[in-house]
Amino acid sequence: MKWIGTFFLTTFFAHFLTAQLAVTTSNWDQQHFPNGPVGLNKLYVIQGIDVEANIQDHIAEVSVSQTIKNAQNHDLEVEILFPLPNNGVVQNFMLMVDGQEIPGELMSKDEAKSIYEGIVRRKRDPALMEYVGYGLFKTSVFPIPVGKSRKITIRYTHLCHKKHGTMQYIYPIGTQKFSSQVIPEVNINARIRTSVDIKSVFTPNPGVQIEKVNERFSKITYEGKNIKPSTDFKLNYNLDNEDVGGSLYSHKADKNELGHFMFLASPKVEVKETEETNKNVVFVLDKSGSMSGKKIAQAKSALEYVLANLKENDLFNMVIYDDRIEPYKTELIKYNKASYKEASAFASTIVHNGGTNIEGALKKSLELMPDNGNPNYLIFLTDGLPTAGITSETQIVQNVEKYNDKNTRLFCFGVGHNVNARLLDKLSTQNGGLAEYVKPDEDVEAAVSSLFNSISSPVMTDIEIKINGVEVSQTYPTNLPDMFKGSQFEYYGRYQKGGAATVIMTGKIQGKSRTFEFPVEFASVEDGDAHSYVDAIWANNRVAHLLTLIDQNGKSDELVNELVDLSKRYGILTPYTAFLAKEEVDFSDVNGIQERSLDNLQVLDDVSGEEANAVRKYKNSLNKQVATNAGGSKDMESEIDDFGAVYSTDMKGEVTKIETVKKIHNKTFYWKKDAWVDGEISGDLMSAKKIKKFSTDYFKLGEDKSSDVSKYLSIQEDFYLKLGKTIYYFHD
């Protein structure tokens, strides 16, 4: 068992951690288990955790409650421990059991060290090792009768300090990875109220809902059921009174490796319609013979939705095609009540017939686009392969790139499995949009309306990013998206050396050029791991980019090797690398792993069919930000709500939780035969330096804070760990 409540505020930052552990006393252990130790979490069950955090600028009032039940056939005698880092500023600390305040003792890190190590030795349970070097609040002893539950509550006020202009709230729910059972219910509610406008709110955790109520108030909620999270809940936000606010999150784990960064920008929450940019929209609808029945009816409903939700003074048109090309008007027309009524009547008369001239439809649509300074969006819908006009995939892509001379963003919808998914992917990728694939049993209107809602209110377009003061590389997305009302612009990359820098963001707002400059600080190794999650987010984008290169240009040893390395290191189990999680796969067999990955990547040779659509949909979901700033795959997000759990996706897009892989701190571990293996290890394990658990060397290594090794010493089973160039084997 274990639970925790931790806090940082990222404009304000402090490393305060409360990890609540109910530990049976030494006398109780000797009385009831005279023949051997019993672990920390074996004697009771966690029934639920509730976290309430009310943040007012730099002051947080926190209340955390946890209910534990005695599942034994005898009474328990426990004391509560709260590890406290020395740089945390805490006031009004109170601990209650069933509403009654329990007295306690505050200990320095030196006093606490003997307590932590004593419990680890006595329990033969390494869970507390990650707290060696922390201070401690320890309560007096209290009983939990047989079959009874106790509600343990802590309340405190937390004062945080400013760092790099960003605030971060952390609740280290990840310590629950040591729980012997899943937790039935976990609820986190945070309320942020500020005296300065909140510009960006971000969390790397899945399943979290963020609601910006107004410029200075945001609600954050999470509800988890039957989970055992292994990473912490992290919430970051940035304050700024400008029309566009920006913030940078960065992490550098090793002085000899490149760091990773994420830059976020967003418009103010309340954007008036007069401040929005008018747009030019052309809807291109396939009405070929294969669109008969339900598909044409849903496609017309999708078209009607777009027409009904255009904004006053937008320009629009429709191009309806089969083997012939039929534009609705000879040019784009201004949107108003009268033009909507006429266009809607026309759309209702569309009937299916003929072949599929994709190239001709796109050519006509792009020729219609005006060059009036407003953003151009083309929504293209098809259910089939090109069968009329130019049908060569390569020629279509080249021609569309030539026709698109007005920076039109192309959003493609493939309906059903009989589409050329690689063609749609190429068209969208090279023209600043995205591709969505709608299964035969899914609603076309729902998919189109979701996309259109996200792009309906552009605020800043034609965006360019320049960073002065720090050298950056491998930045994503390669084709920068526009910024929309209610959305967040996200930009990822790597950097050479930490230090002060300026992010310069230029673009058009209402057709006029604007420039915003954001002074930022890129983290150095000494800045710690507050934003280590950025590494994995960048890696997701890099993997998606590699898959795009492989899909569109073909496989190479260099690309496949990098794909495997990133998959192993960050636990990104793609349909092509999910086999790495299998217990029998030997990481030292580098050639065998490459060959197996190459075999799996053969599926990308298929351009149509269920698997062809699914693997490309998965690739797009890897990007935390896609062209609409709308985030990853909704299908995938709906499956994932367990912090730190590792999931794989198969060739049909099915998401599965993987029990043989787990993430701890900045590393990914794989279960291989009888031990966990660090994902950064590729060589022979026989040369590993052996260290017996709970030995003098074990505890001495745990005191080395420069490598954060104590975070990994909390692993219960035997494990291999790579630190620098040395591989260690920790065993019983």
# chains A, B, ... in the order shown; residues from 1 in each chain; ligands from 1
>>> residues_around(residues="region 52-55 of chain A", least_positions_apart="2", cutoff="9 Å", atoms="only C-alpha atoms", output="list in words")
Leu9, Asp50, Asp57, His58, Ile59, Ala60, Glu61, Val62, Ser63, Val64, Ser65, Asn187, Ile188, Asn189, Ala190, Arg191, Ile192, Arg193 and Thr194 of chain A
>>> write_last_selection(atoms="N, CA and C atoms", output="JSON list (two decimals), in the first residue's frame")
[["chain", "number", "residue", "atom", "x", "y", "z"],
["A", 9, "LEU", "N", 4.53, 23.86, -7.79],
["A", 9, "LEU", "CA", 3.78, 24.76, -8.65],
["A", 9, "LEU", "C", 4.75, 25.27, -9.70],
["A", 50, "ASP", "N", -8.64, 10.17, -2.43],
["A", 50, "ASP", "CA", -9.24, 11.43, -2.88],
["A", 50, "ASP", "C", -8.27, 12.57, -2.62],
["A", 57, "ASP", "N", -2.92, 31.47, -6.82],
["A", 57, "ASP", "CA", -1.61, 31.99, -7.20],
["A", 57, "ASP", "C", -0.52, 31.03, -6.75],
["A", 58, "HIS", "N", 0.29, 31.38, -5.74],
["A", 58, "HIS", "CA", 1.40, 30.53, -5.33],
["A", 58, "HIS", "C", 1.15, 29.80, -4.02],
["A", 59, "ILE", "N", -0.11, 29.80, -3.55],
["A", 59, "ILE", "CA", -0.43, 29.12, -2.30],
["A", 59, "ILE", "C", -1.42, 27.98, -2.58],
["A", 60, "ALA", "N", -1.08, 26.80, -2.12],
["A", 60, "ALA", "CA", -1.94, 25.64, -2.34],
["A", 60, "ALA", "C", -2.44, 25.10, -1.01],
["A", 61, "GLU", "N", -3.73, 24.92, -0.93],
["A", 61, "GLU", "CA", -4.34, 24.26, 0.23],
["A", 61, "GLU", "C", -4.76, 22.86, -0.23],
["A", 62, "VAL", "N", -4.18, 21.86, 0.41],
["A", 62, "VAL", "CA", -4.32, 20.49, -0.07],
["A", 62, "VAL", "C", -4.95, 19.61, 1.00],
["A", 63, "SER", "N", -5.87, 18.77, 0.57],
["A", 63, "SER", "CA", -6.45, 17.76, 1.45],
["A", 63, "SER", "C", -6.41, 16.42, 0.72],
["A", 64, "VAL", "N", -5.81, 15.41, 1.34],
["A", 64, "VAL", "CA", -5.71, 14.09, 0.73],
["A", 64, "VAL", "C", -6.25, 13.05, 1.71],
["A", 65, "SER", "N", -7.17, 12.23, 1.24],
["A", 65, "SER", "CA", -7.77, 11.19, 2.07],
["A", 65, "SER", "C", -7.56, 9.83, 1.44],
["A", 187, "ASN", "N", -9.60, 9.66, -7.12],
["A", 187, "ASN", "CA", -10.17, 10.93, -7.59],
["A", 187, "ASN", "C", -9.21, 12.07, -7.28],
["A", 188, "ILE", "N", -8.95, 12.89, -8.28],
["A", 188, "ILE", "CA", -8.11, 14.07, -8.12],
["A", 188, "ILE", "C", -8.88, 15.27, -8.63],
["A", 189, "ASN", "N", -9.03, 16.28, -7.78],
["A", 189, "ASN", "CA", -9.71, 17.52, -8.17],
["A", 189, "ASN", "C", -8.82, 18.69, -7.81],
["A", 190, "ALA", "N", -8.46, 19.48, -8.80],
["A", 190, "ALA", "CA", -7.65, 20.67, -8.57],
["A", 190, "ALA", "C", -8.37, 21.89, -9.14],
["A", 191, "ARG", "N", -8.28, 22.99, -8.41],
["A", 191, "ARG", "CA", -8.87, 24.26, -8.84],
["A", 191, "ARG", "C", -7.77, 25.31, -8.84],
["A", 192, "ILE", "N", -7.53, 25.92, -9.98],
["A", 192, "ILE", "CA", -6.50, 26.96, -10.09],
["A", 192, "ILE", "C", -7.17, 28.31, -10.25],
["A", 193, "ARG", "N", -6.93, 29.20, -9.29],
["A", 193, "ARG", "CA", -7.42, 30.58, -9.37],
["A", 193, "ARG", "C", -6.21, 31.51, -9.27],
["A", 194, "THR", "N", -6.15, 32.48, -10.16],
["A", 194, "THR", "CA", -4.97, 33.34, -10.21],
["A", 194, "THR", "C", -5.38, 34.81, -10.38]]
>>> residues_around(residues="region 252-262 of chain A", least_positions_apart="3", cutoff="10 Å", atoms="only C-alpha atoms", output="ChimeraX atom specification")
/A:247-249,472-476,490-498,522-529,531-539,666,707,724
>>> write_last_selection(atoms="N, CA, C and O atoms", output="compact mmCIF listing (two decimals), in the first residue's frame")
# COMPACT_ATOMS: atom_id res chain seq x y z
N SER A 247 4.99 29.05 -22.92
CA SER A 247 5.79 28.51 -21.83
C SER A 247 6.61 27.35 -22.36
O SER A 247 6.23 26.67 -23.31
N LEU A 248 7.76 27.13 -21.72
CA LEU A 248 8.68 26.09 -22.14
C LEU A 248 8.91 25.11 -21.00
O LEU A 248 9.12 25.51 -19.86
N TYR A 249 8.87 23.80 -21.31
CA TYR A 249 9.18 22.75 -20.37
C TYR A 249 10.33 21.94 -20.97
O TYR A 249 10.27 21.54 -22.13
N VAL A 472 18.79 24.06 -31.26
CA VAL A 472 17.78 22.99 -31.21
C VAL A 472 17.82 22.16 -32.49
O VAL A 472 18.32 22.60 -33.53
N SER A 473 17.27 20.94 -32.40
CA SER A 473 17.24 20.03 -33.55
C SER A 473 16.07 19.07 -33.40
O SER A 473 15.43 19.00 -32.35
N GLN A 474 15.80 18.32 -34.48
CA GLN A 474 14.75 17.30 -34.51
C GLN A 474 13.45 17.84 -33.89
O GLN A 474 12.90 17.28 -32.94
N THR A 475 12.96 18.92 -34.46
CA THR A 475 11.75 19.58 -33.95
C THR A 475 10.51 19.07 -34.68
O THR A 475 10.55 18.77 -35.87
N TYR A 476 9.41 19.00 -33.92
CA TYR A 476 8.13 18.51 -34.46
C TYR A 476 6.98 19.35 -33.91
O TYR A 476 7.09 19.86 -32.78
N GLU A 490 1.63 23.27 -29.76
CA GLU A 490 2.68 22.51 -29.11
C GLU A 490 3.82 22.25 -30.08
O GLU A 490 3.60 21.89 -31.23
N TYR A 491 5.04 22.42 -29.60
CA TYR A 491 6.23 22.32 -30.43
C TYR A 491 7.30 21.59 -29.62
O TYR A 491 7.60 21.97 -28.49
N TYR A 492 7.86 20.52 -30.19
CA TYR A 492 8.79 19.66 -29.46
C TYR A 492 10.14 19.62 -30.16
O TYR A 492 10.22 19.81 -31.38
N GLY A 493 11.19 19.34 -29.39
CA GLY A 493 12.49 19.22 -30.02
C GLY A 493 13.56 18.80 -29.03
O GLY A 493 13.29 18.48 -27.87
N ARG A 494 14.80 18.81 -29.50
CA ARG A 494 15.96 18.49 -28.69
C ARG A 494 16.89 19.70 -28.67
O ARG A 494 16.85 20.54 -29.56
N TYR A 495 17.76 19.76 -27.65
CA TYR A 495 18.68 20.88 -27.56
C TYR A 495 20.02 20.42 -27.02
O TYR A 495 20.12 19.40 -26.33
N GLN A 496 21.04 21.23 -27.34
CA GLN A 496 22.41 20.85 -27.02
C GLN A 496 22.78 21.18 -25.59
O GLN A 496 23.27 20.36 -24.84
N LYS A 497 22.55 22.44 -25.18
CA LYS A 497 23.03 22.92 -23.90
C LYS A 497 22.00 23.82 -23.26
O LYS A 497 21.38 24.65 -23.92
N GLY A 498 21.78 23.66 -21.95
CA GLY A 498 20.80 24.48 -21.24
C GLY A 498 21.25 25.92 -21.10
O GLY A 498 22.42 26.26 -21.29
N PHE A 522 16.20 26.95 -20.79
CA PHE A 522 16.34 25.53 -21.07
C PHE A 522 17.08 24.87 -19.91
O PHE A 522 18.13 25.35 -19.49
N ALA A 523 16.53 23.78 -19.40
CA ALA A 523 17.06 23.14 -18.20
C ALA A 523 18.44 22.54 -18.44
O ALA A 523 18.75 22.03 -19.53
N SER A 524 19.27 22.58 -17.40
CA SER A 524 20.54 21.87 -17.37
C SER A 524 20.37 20.61 -16.52
O SER A 524 19.33 20.42 -15.88
N VAL A 525 21.38 19.77 -16.51
CA VAL A 525 21.31 18.54 -15.72
C VAL A 525 21.03 18.85 -14.26
O VAL A 525 20.26 18.15 -13.58
N GLU A 526 21.61 19.95 -13.76
CA GLU A 526 21.46 20.32 -12.36
C GLU A 526 20.04 20.71 -11.98
O GLU A 526 19.70 20.77 -10.80
N ASP A 527 19.20 20.99 -12.97
CA ASP A 527 17.83 21.43 -12.68
C ASP A 527 16.90 20.29 -12.30
O ASP A 527 15.74 20.51 -11.94
N GLY A 528 17.36 19.05 -12.41
CA GLY A 528 16.57 17.92 -11.94
C GLY A 528 15.58 17.39 -12.96
O GLY A 528 15.64 17.70 -14.15
N ASP A 529 14.60 16.61 -12.46
CA ASP A 529 13.73 15.82 -13.33
C ASP A 529 12.25 16.23 -13.26
O ASP A 529 11.37 15.42 -13.54
N HIS A 531 10.48 17.85 -15.21
CA HIS A 531 9.80 17.73 -16.50
C HIS A 531 10.38 16.59 -17.35
O HIS A 531 10.45 16.68 -18.57
N SER A 532 10.74 15.51 -16.68
CA SER A 532 11.33 14.37 -17.41
C SER A 532 10.34 13.74 -18.38
O SER A 532 10.75 13.07 -19.34
N TYR A 533 9.05 13.94 -18.17
CA TYR A 533 8.03 13.38 -19.07
C TYR A 533 8.16 13.92 -20.49
O TYR A 533 7.68 13.31 -21.45
N VAL A 534 8.81 15.08 -20.64
CA VAL A 534 8.97 15.67 -21.97
C VAL A 534 9.77 14.74 -22.88
O VAL A 534 9.53 14.69 -24.09
N ASP A 535 10.70 13.97 -22.30
CA ASP A 535 11.51 13.03 -23.11
C ASP A 535 10.61 12.07 -23.88
O ASP A 535 10.79 11.86 -25.08
N ALA A 536 9.64 11.48 -23.18
CA ALA A 536 8.77 10.48 -23.81
C ALA A 536 7.82 11.11 -24.81
O ALA A 536 7.49 10.50 -25.84
N ILE A 537 7.36 12.35 -24.54
CA ILE A 537 6.47 13.02 -25.49
C ILE A 537 7.22 13.30 -26.79
O ILE A 537 6.69 13.09 -27.89
N TRP A 538 8.46 13.79 -26.65
CA TRP A 538 9.27 13.99 -27.86
C TRP A 538 9.46 12.66 -28.59
O TRP A 538 9.35 12.60 -29.82
N ALA A 539 9.75 11.60 -27.85
CA ALA A 539 10.00 10.29 -28.47
C ALA A 539 8.78 9.81 -29.24
O ALA A 539 8.91 9.20 -30.32
N ASN A 666 12.71 7.71 -14.87
CA ASN A 666 13.04 8.03 -16.27
C ASN A 666 13.36 6.81 -17.11
O ASN A 666 13.86 6.95 -18.22
N SER A 707 22.55 10.17 -9.55
CA SER A 707 22.00 9.26 -10.55
C SER A 707 20.56 8.87 -10.26
O SER A 707 19.95 8.10 -10.99
N GLY A 724 25.20 5.07 -16.42
CA GLY A 724 26.38 5.41 -17.20
C GLY A 724 26.72 4.25 -18.12
O GLY A 724 25.90 3.78 -18.88
>>> select_by_dssp(residues="region 239-318 of chain A", states="alpha helix (DSSP H)", output="number ranges by chain")
A: 294-308
>>> atom_distance(atom1="CA of Thr660 (chain A)", atom2="CA of Glu583 (chain A)")
7.3 Å
>>> residues_around(residues="region 432-435 of chain A", least_positions_apart="2", cutoff="8 Å", atoms="only C-alpha atoms", output="VMD selection string")
chain A and resid 408 to 414 424 to 425 428 to 430 437 479 to 481 617 620 626 to 628
>>> write_last_selection(atoms="C-alpha atoms", output="PDB file, in the first residue's frame")
ATOM      1  CA  THR A 408      -4.081  25.242 -48.252  1.00  0.00           C
ATOM      2  CA  ARG A 409      -4.316  22.750 -45.376  1.00  0.00           C
ATOM      3  CA  LEU A 410      -5.708  19.421 -46.540  1.00  0.00           C
ATOM      4  CA  PHE A 411      -7.770  17.255 -44.168  1.00  0.00           C
ATOM      5  CA  CYS A 412      -8.562  13.785 -45.540  1.00  0.00           C
ATOM      6  CA  PHE A 413     -11.268  11.371 -44.416  1.00  0.00           C
ATOM      7  CA  GLY A 414     -11.071   7.759 -45.565  1.00  0.00           C
ATOM      8  CA  LEU A 424      -4.342   9.994 -47.906  1.00  0.00           C
ATOM      9  CA  ASP A 425      -1.521  10.080 -45.361  1.00  0.00           C
ATOM     10  CA  SER A 428      -2.394  15.333 -45.540  1.00  0.00           C
ATOM     11  CA  THR A 429       1.194  15.211 -44.222  1.00  0.00           C
ATOM     12  CA  GLN A 430       2.660  17.181 -47.128  1.00  0.00           C
ATOM     13  CA  TYR A 437     -10.000   6.812 -41.054  1.00  0.00           C
ATOM     14  CA  ASN A 479       4.779  21.431 -40.740  1.00  0.00           C
ATOM     15  CA  LEU A 480       3.548  23.843 -38.069  1.00  0.00           C
ATOM     16  CA  PRO A 481      -0.232  23.988 -37.543  1.00  0.00           C
ATOM     17  CA  LYS A 617      -4.366   5.814 -37.651  1.00  0.00           C
ATOM     18  CA  ASN A 620      -1.128   9.713 -36.268  1.00  0.00           C
ATOM     19  CA  VAL A 626      -1.732  16.880 -34.620  1.00  0.00           C
ATOM     20  CA  ALA A 627      -2.526  19.558 -37.149  1.00  0.00           C
ATOM     21  CA  THR A 628      -5.629  20.708 -35.291  1.00  0.00           C
TER      22      THR A 628
END
>>> closest_atom_pairs(of="region 362-448 of chain A", to="region 322-339 of chain A", cutoff="8 Å", atoms="only C-alpha atoms", output="tab-separated table")
residue	atom	partner	partner_atom	distance
A:Lys364	CA	A:Ile325	CA	7.6
A:Ser365	CA	A:Pro327	CA	8.0
A:Leu368	CA	A:Glu331	CA	5.8
A:Met369	CA	A:Leu332	CA	7.4
A:Pro370	CA	A:Leu332	CA	7.7
A:Thr387	CA	A:Asp323	CA	7.9
A:Ala388	CA	A:Asp323	CA	5.5
A:Gly389	CA	A:Asp323	CA	7.3
>>> write_last_selection(atoms="N, CA, C and O atoms", output="PDB file, in the first residue's frame")
ATOM      1  N   LYS A 364      -9.257  20.826 -58.974  1.00  0.00           N
ATOM      2  CA  LYS A 364     -10.301  21.854 -59.081  1.00  0.00           C
ATOM      3  C   LYS A 364     -10.470  22.586 -57.747  1.00  0.00           C
ATOM      4  O   LYS A 364     -10.602  23.825 -57.709  1.00  0.00           O
ATOM      5  N   SER A 365     -10.468  21.860 -56.639  1.00  0.00           N
ATOM      6  CA  SER A 365     -10.674  22.473 -55.324  1.00  0.00           C
ATOM      7  C   SER A 365      -9.557  23.458 -54.987  1.00  0.00           C
ATOM      8  O   SER A 365      -9.803  24.550 -54.468  1.00  0.00           O
ATOM      9  N   LEU A 368      -9.761  26.673 -56.904  1.00  0.00           N
ATOM     10  CA  LEU A 368     -10.807  27.570 -56.412  1.00  0.00           C
ATOM     11  C   LEU A 368     -10.352  28.416 -55.222  1.00  0.00           C
ATOM     12  O   LEU A 368     -10.917  29.477 -54.953  1.00  0.00           O
ATOM     13  N   MET A 369      -9.344  27.952 -54.481  1.00  0.00           N
ATOM     14  CA  MET A 369      -8.935  28.637 -53.260  1.00  0.00           C
ATOM     15  C   MET A 369      -8.425  30.053 -53.564  1.00  0.00           C
ATOM     16  O   MET A 369      -7.578  30.236 -54.427  1.00  0.00           O
ATOM     17  N   PRO A 370      -8.913  31.025 -52.826  1.00  0.00           N
ATOM     18  CA  PRO A 370      -8.464  32.403 -53.050  1.00  0.00           C
ATOM     19  C   PRO A 370      -7.161  32.697 -52.306  1.00  0.00           C
ATOM     20  O   PRO A 370      -6.752  31.942 -51.423  1.00  0.00           O
ATOM     21  N   THR A 387      -9.878   5.634 -59.377  1.00  0.00           N
ATOM     22  CA  THR A 387     -10.195   4.749 -60.506  1.00  0.00           C
ATOM     23  C   THR A 387     -10.406   5.506 -61.807  1.00  0.00           C
ATOM     24  O   THR A 387     -10.544   4.886 -62.857  1.00  0.00           O
ATOM     25  N   ALA A 388     -10.435   6.850 -61.743  1.00  0.00           N
ATOM     26  CA  ALA A 388     -10.646   7.657 -62.948  1.00  0.00           C
ATOM     27  C   ALA A 388      -9.615   8.780 -62.970  1.00  0.00           C
ATOM     28  O   ALA A 388      -9.097   9.197 -61.934  1.00  0.00           O
ATOM     29  N   GLY A 389      -9.333   9.292 -64.182  1.00  0.00           N
ATOM     30  CA  GLY A 389      -8.333  10.342 -64.296  1.00  0.00           C
ATOM     31  C   GLY A 389      -6.950   9.782 -63.986  1.00  0.00           C
ATOM     32  O   GLY A 389      -6.624   8.636 -64.305  1.00  0.00           O
TER      33      GLY A 389
END
>>> atom_distance(atom1="CA of Glu77 (chain A)", atom2="CA of Ile154 (chain A)")
19.5 Å
>>> select_by_dssp(residues="region 415-486 of chain A", states="strand (DSSP E)", output="JSON list (two decimals) with N, CA, C and O atoms, in the first residue's frame")
[["chain", "number", "residue", "atom", "x", "y", "z"],
["A", 415, "VAL", "N", -13.25, 6.71, -45.71],
["A", 415, "VAL", "CA", -14.45, 6.05, -45.20],
["A", 415, "VAL", "C", -14.43, 4.58, -45.60],
["A", 415, "VAL", "O", -14.39, 4.24, -46.79],
["A", 435, "ALA", "N", -4.97, 13.01, -41.63],
["A", 435, "ALA", "CA", -5.85, 12.02, -42.21],
["A", 435, "ALA", "C", -6.57, 11.27, -41.11],
["A", 435, "ALA", "O", -5.97, 10.90, -40.11],
["A", 436, "GLU", "N", -7.87, 11.09, -41.27],
["A", 436, "GLU", "CA", -8.68, 10.31, -40.35],
["A", 436, "GLU", "C", -9.28, 9.15, -41.12],
["A", 436, "GLU", "O", -9.63, 9.27, -42.30],
["A", 437, "TYR", "N", -9.44, 8.00, -40.42],
["A", 437, "TYR", "CA", -10.00, 6.81, -41.05],
["A", 437, "TYR", "C", -11.24, 6.37, -40.28],
["A", 437, "TYR", "O", -11.17, 6.13, -39.07],
["A", 438, "VAL", "N", -12.35, 6.30, -40.99],
["A", 438, "VAL", "CA", -13.63, 5.99, -40.38],
["A", 438, "VAL", "C", -14.00, 4.56, -40.74],
["A", 438, "VAL", "O", -14.15, 4.21, -41.91],
["A", 458, "PRO", "N", -10.01, 29.90, -36.28],
["A", 458, "PRO", "CA", -8.57, 30.18, -36.29],
["A", 458, "PRO", "C", -8.27, 31.52, -35.64],
["A", 458, "PRO", "O", -8.99, 32.50, -35.84],
["A", 459, "VAL", "N", -7.22, 31.55, -34.84],
["A", 459, "VAL", "CA", -6.80, 32.79, -34.17],
["A", 459, "VAL", "C", -5.47, 33.29, -34.73],
["A", 459, "VAL", "O", -5.30, 34.47, -34.99],
["A", 460, "MET", "N", -4.53, 32.35, -34.93],
["A", 460, "MET", "CA", -3.22, 32.71, -35.47],
["A", 460, "MET", "C", -2.83, 31.70, -36.54],
["A", 460, "MET", "O", -2.90, 30.50, -36.31],
["A", 461, "THR", "N", -2.42, 32.17, -37.70],
["A", 461, "THR", "CA", -2.12, 31.29, -38.83],
["A", 461, "THR", "C", -0.71, 31.58, -39.35],
["A", 461, "THR", "O", -0.07, 32.55, -38.96],
["A", 462, "ASP", "N", -0.26, 30.69, -40.26],
["A", 462, "ASP", "CA", 1.06, 30.85, -40.89],
["A", 462, "ASP", "C", 2.15, 31.02, -39.83],
["A", 462, "ASP", "O", 3.01, 31.91, -39.92],
["A", 463, "ILE", "N", 2.14, 30.16, -38.84],
["A", 463, "ILE", "CA", 3.04, 30.29, -37.69],
["A", 463, "ILE", "C", 4.46, 29.82, -38.03],
["A", 463, "ILE", "O", 4.65, 28.80, -38.71],
["A", 464, "GLU", "N", 5.44, 30.57, -37.55],
["A", 464, "GLU", "CA", 6.84, 30.18, -37.64],
["A", 464, "GLU", "C", 7.47, 30.32, -36.26],
["A", 464, "GLU", "O", 7.12, 31.22, -35.49],
["A", 465, "ILE", "N", 8.40, 29.41, -35.93],
["A", 465, "ILE", "CA", 9.08, 29.43, -34.63],
["A", 465, "ILE", "C", 10.59, 29.54, -34.85],
["A", 465, "ILE", "O", 11.16, 28.82, -35.67],
["A", 466, "LYS", "N", 11.20, 30.46, -34.11],
["A", 466, "LYS", "CA", 12.65, 30.59, -34.11],
["A", 466, "LYS", "C", 13.12, 30.67, -32.66],
["A", 466, "LYS", "O", 12.50, 31.35, -31.85],
["A", 467, "ILE", "N", 14.20, 29.99, -32.34],
["A", 467, "ILE", "CA", 14.73, 29.99, -30.97],
["A", 467, "ILE", "C", 16.14, 30.54, -30.99],
["A", 467, "ILE", "O", 17.03, 29.97, -31.64],
["A", 468, "ASN", "N", 16.34, 31.64, -30.29],
["A", 468, "ASN", "CA", 17.66, 32.26, -30.18],
["A", 468, "ASN", "C", 18.29, 31.95, -28.83],
["A", 468, "ASN", "O", 17.61, 31.99, -27.80],
["A", 472, "VAL", "N", 18.79, 24.06, -31.26],
["A", 472, "VAL", "CA", 17.78, 22.99, -31.21],
["A", 472, "VAL", "C", 17.82, 22.16, -32.49],
["A", 472, "VAL", "O", 18.32, 22.60, -33.53],
["A", 473, "SER", "N", 17.27, 20.94, -32.40],
["A", 473, "SER", "CA", 17.24, 20.03, -33.55],
["A", 473, "SER", "C", 16.07, 19.07, -33.40],
["A", 473, "SER", "O", 15.43, 19.00, -32.35],
["A", 474, "GLN", "N", 15.80, 18.32, -34.48],
["A", 474, "GLN", "CA", 14.75, 17.30, -34.51],
["A", 474, "GLN", "C", 13.45, 17.84, -33.89],
["A", 474, "GLN", "O", 12.90, 17.28, -32.94],
["A", 475, "THR", "N", 12.96, 18.92, -34.46],
["A", 475, "THR", "CA", 11.75, 19.58, -33.95],
["A", 475, "THR", "C", 10.51, 19.07, -34.68],
["A", 475, "THR", "O", 10.55, 18.77, -35.87],
["A", 476, "TYR", "N", 9.41, 19.00, -33.92],
["A", 476, "TYR", "CA", 8.13, 18.51, -34.46],
["A", 476, "TYR", "C", 6.98, 19.35, -33.91],
["A", 476, "TYR", "O", 7.09, 19.86, -32.78],
["A", 483, "MET", "N", -3.15, 28.03, -35.00],
["A", 483, "MET", "CA", -3.64, 28.03, -33.63],
["A", 483, "MET", "C", -5.12, 28.41, -33.65],
["A", 483, "MET", "O", -5.51, 29.37, -34.31],
["A", 484, "PHE", "N", -5.92, 27.65, -32.92],
["A", 484, "PHE", "CA", -7.36, 27.84, -32.94],
["A", 484, "PHE", "C", -7.89, 28.21, -31.56],
["A", 484, "PHE", "O", -7.25, 27.92, -30.53]]
>>> residues_around(residues="Lys287 (chain A)", least_positions_apart="2", cutoff="8 Å", atoms="only C-alpha atoms", output="list in words")
Leu285, Gly289, Ser290, Met291, Ile296, Ile320, Tyr321, Asp322, Ile350, Val351, His352, Asn353 and Gly354 of chain A
>>> atom_distance(atom1="CA of Ser687 (chain A)", atom2="CA of Leu559 (chain A)")
29.1 Å
>>> closest_residue(among="A:Val585, A:Ala612, A:Val655, A:Val607", to="Lys673 (chain A)", atoms="only C-alpha atoms")
A:Val585
>>> closest_residue(among="A:His731, A:Asp557, A:Lys568, A:Thr656", to="Phe669 (chain A)", atoms="only C-alpha atoms")
A:Lys568
